Amino acid sequence: MATYFEQHGPLHVAGTKLVDAAGNPVQLRGVSTLGLAWYPEFVNEAAFRTLRDDWGANAVRLAMYTQEEGGYMTGGDKAGLEALIDKGVKLCAALGMYVIIDWHILSDGNPNLHADAAEDFFRRLSARYADQPHVLYEICNEPNGAGVTWLVVKDYAERIIPVIRANAPEAVVLCGTPNWSQDVDLAAADPLDFGNVMYSLHFYAATHKDGLRDKAEAALKQGAPVFVDEFSICDASGDGVIDYESAAAWHALIRRHGLSYIAWSLSNRDESAALVRADCDKTFGWADADLTETGKWLKGILQGDR
Ligand code: IDC
């Protein structure tokens, strides 16, 4: 059977939708690594193959923290992190999956804090992957904090996107939005002046409910292309109880609009968002008994949407 990439090839953004060359809507569905520095063992061929063949995923997000422990800007092994990204990009190419390279800002709430490094990073990686249309670039995971307005994020995006475009003119770029990638309405009201850009919407179903769903609906109505490049069904800490009712409402919204979605996280960390149980040390080929409640839920959702 043809892989999802073989079926769809290079992607672009048309209106609010992600589409293929023929204009057919495309829905990327998959998982995000946790911090690459923390769980590198999950970046392996058999893991991605399990996700593709057993679960029905067609995309992987490679999350590289910038400022957390072992992050790219906080003493992390830069060459090692880039080698892991390269491994992930190559695995996805071989498996016919799409891949998102995520510059995972978090405690460094303002993306401009490390913009020089981001510029250098995206310049080199977009050159490296210029002829690899399965690669999408996520330029700032979650802008947050006082003063980090949409204009601040826009300044950053207007600096980074041209750098990527110089090498990969058609690549799809995902741009974080203020308030931990929730304020897609702000981006909708004042969009970036570039094509092939989508705005990140992140939700944690036990914390974010009708209010954020309304915001998403409003942004879509205003014509903003929205991409759910991180979510889980527990609370925003990545832990706590799962809210299945809110999760179902989110999934209904996702289906209604054919949104792409990427679940946090491919790891066995002892927290609710992890997909693999903490007492399981398999890094691929998981049986249902190896999965957390979140993992089992996600597998069912992906299988249903495949
Ligand atoms: C969380 C991880 C957790 C880690 C923490 C670091 O799940 O193990 O210790 O980061 O501060 C986000 C972020 C994402 C968070 C996640 C859960 O993008 O990095 O991961 N989350 O808190 N936004 C909303 C929730």
# chains A, B, ... in the order shown; residues from 1 in each chain; ligands from 1
call {"tool": "residues_around", "arguments": {"residues": "Ala37 in chain A", "least_positions_apart": "5", "cutoff": "9 Å", "atoms": "only C-alpha atoms", "output": "JSON, numbers by chain"}}
result
{"A": [64, 65, 69, 70, 71, 72, 76, 77, 80, 81, 84]}
call {"tool": "write_last_selection", "arguments": {"atoms": "N, CA and C atoms", "output": "JSON list (two decimals), in the first residue's frame"}}
result
[["chain", "number", "residue", "atom", "x", "y", "z"],
["A", 64, "MET", "N", 12.37, 19.48, 20.34],
["A", 64, "MET", "CA", 13.67, 19.80, 20.90],
["A", 64, "MET", "C", 13.55, 21.02, 21.81],
["A", 65, "TYR", "N", 13.61, 20.76, 23.12],
["A", 65, "TYR", "CA", 13.54, 21.87, 24.08],
["A", 65, "TYR", "C", 14.72, 22.81, 23.86],
["A", 69, "GLU", "N", 16.04, 21.57, 30.94],
["A", 69, "GLU", "CA", 17.26, 20.83, 31.27],
["A", 69, "GLU", "C", 17.77, 20.07, 30.03],
["A", 70, "GLY", "N", 19.03, 20.26, 29.74],
["A", 70, "GLY", "CA", 19.61, 19.58, 28.57],
["A", 70, "GLY", "C", 19.13, 20.15, 27.26],
["A", 71, "GLY", "N", 18.53, 21.34, 27.32],
["A", 71, "GLY", "CA", 17.99, 21.97, 26.11],
["A", 71, "GLY", "C", 19.09, 22.49, 25.20],
["A", 72, "TYR", "N", 18.68, 22.87, 24.02],
["A", 72, "TYR", "CA", 19.63, 23.33, 23.00],
["A", 72, "TYR", "C", 20.39, 24.56, 23.46],
["A", 76, "GLY", "N", 22.71, 21.67, 26.36],
["A", 76, "GLY", "CA", 22.45, 20.42, 25.64],
["A", 76, "GLY", "C", 23.52, 20.15, 24.59],
["A", 77, "ASP", "N", 23.60, 18.90, 24.19],
["A", 77, "ASP", "CA", 24.56, 18.47, 23.16],
["A", 77, "ASP", "C", 23.97, 18.80, 21.79],
["A", 80, "GLY", "N", 24.50, 16.36, 19.03],
["A", 80, "GLY", "CA", 23.75, 15.13, 19.31],
["A", 80, "GLY", "C", 22.25, 15.32, 19.04],
["A", 81, "LEU", "N", 21.73, 16.48, 19.44],
["A", 81, "LEU", "CA", 20.31, 16.75, 19.21],
["A", 81, "LEU", "C", 20.01, 16.85, 17.71],
["A", 84, "LEU", "N", 19.94, 13.47, 16.23],
["A", 84, "LEU", "CA", 18.67, 12.77, 16.51],
["A", 84, "LEU", "C", 17.57, 13.27, 15.57]]
call {"tool": "residues_near_ligand", "arguments": {"ligand": "ligand 1", "cutoff": "10 Å", "atoms": "only C-alpha atoms and all ligand atoms", "output": "PyMOL selection string"}}
result
chain A and resi 34-35+38+63-65+67-69+104-107+140-144+179-182+202-204+207+229-232+234-239+264-265+267-274
call {"tool": "residues_around", "arguments": {"residues": "Pro162 in chain A", "least_positions_apart": "2", "cutoff": "12 Å", "atoms": "only C-alpha atoms", "output": "ChimeraX atom specification"}}
result
/A:119,122-123,126,139,155-160,164-171,173,192-195,197
call {"tool": "select_by_dssp", "arguments": {"residues": "range 14-250 of chain A", "states": "alpha helix (DSSP H)", "output": "JSON, numbers by chain"}}
result
{"A": [45, 46, 47, 48, 49, 50, 78, 79, 80, 81, 82, 83, 84, 85, 86, 87, 88, 89, 90, 91, 92, 93, 94, 95, 115, 116, 117, 118, 119, 120, 121, 122, 123, 124, 125, 126, 127, 128, 150, 151, 152, 153, 154, 155, 156, 157, 158, 159, 160, 161, 162, 163, 164, 165, 166, 167, 178, 179, 180, 181, 184, 185, 186, 187, 188, 189, 210, 211, 212, 213, 214, 215, 216, 217, 218, 219, 220, 221, 244, 245, 246, 247, 248, 249, 250]}
call {"tool": "closest_atom_pairs", "arguments": {"of": "range 188-233 of chain A", "to": "range 6-30 of chain A", "cutoff": "7 Å", "atoms": "only C-alpha atoms", "output": "JSON lines"}}
result
{"residue": "A:Asn196", "atom": "CA", "partner": "A:Val13", "partner_atom": "CA", "distance": 4.7}
{"residue": "A:Val197", "atom": "CA", "partner": "A:Val13", "partner_atom": "CA", "distance": 6.8}
{"residue": "A:Leu220", "atom": "CA", "partner": "A:Thr16", "partner_atom": "CA", "distance": 6.7}
{"residue": "A:Gly223", "atom": "CA", "partner": "A:Thr16", "partner_atom": "CA", "distance": 5.6}
{"residue": "A:Ala224", "atom": "CA", "partner": "A:Thr16", "partner_atom": "CA", "distance": 5.5}
{"residue": "A:Pro225", "atom": "CA", "partner": "A:Thr16", "partner_atom": "CA", "distance": 3.8}
{"residue": "A:Val226", "atom": "CA", "partner": "A:Thr16", "partner_atom": "CA", "distance": 6.8}
call {"tool": "closest_atom_pairs", "arguments": {"of": "range 55-125 of chain A", "to": "range 293-301 of chain A", "cutoff": "12 Å", "atoms": "only C-alpha atoms", "output": "CSV"}}
result
residue,atom,partner,partner_atom,distance
A:Trp55,CA,A:Lys299,CA,5.2
A:Gly56,CA,A:Lys299,CA,7.9
A:Ala57,CA,A:Lys299,CA,8.8
call {"tool": "residues_around", "arguments": {"residues": "Met97 in chain A", "least_positions_apart": "5", "cutoff": "9 Å", "atoms": "only C-alpha atoms", "output": "PyMOL selection string"}}
result
chain A and resi 3-6+48+52+57-60+91-92+134
call {"tool": "atom_distance", "arguments": {"atom1": "CA of Ile233 in chain A", "atom2": "CA of Ser246 in chain A"}}
result
7.8 Å
call {"tool": "atom_distance", "arguments": {"atom1": "CA of Tyr98 in chain A", "atom2": "CA of Ala79 in chain A"}}
result
22.6 Å
call {"tool": "select_by_dssp", "arguments": {"residues": "range 54-253 of chain A", "states": "strand (DSSP E or B)", "output": "PyMOL selection string"}}
result
chain A and resi 59-65+98-104+135-138+173-175+197-204+226-232
call {"tool": "closest_residue", "arguments": {"among": "A:Pro191, A:Val172, A:Tyr261, A:His114", "to": "Arg61 in chain A", "atoms": "only C-alpha atoms"}}
result
A:Tyr261
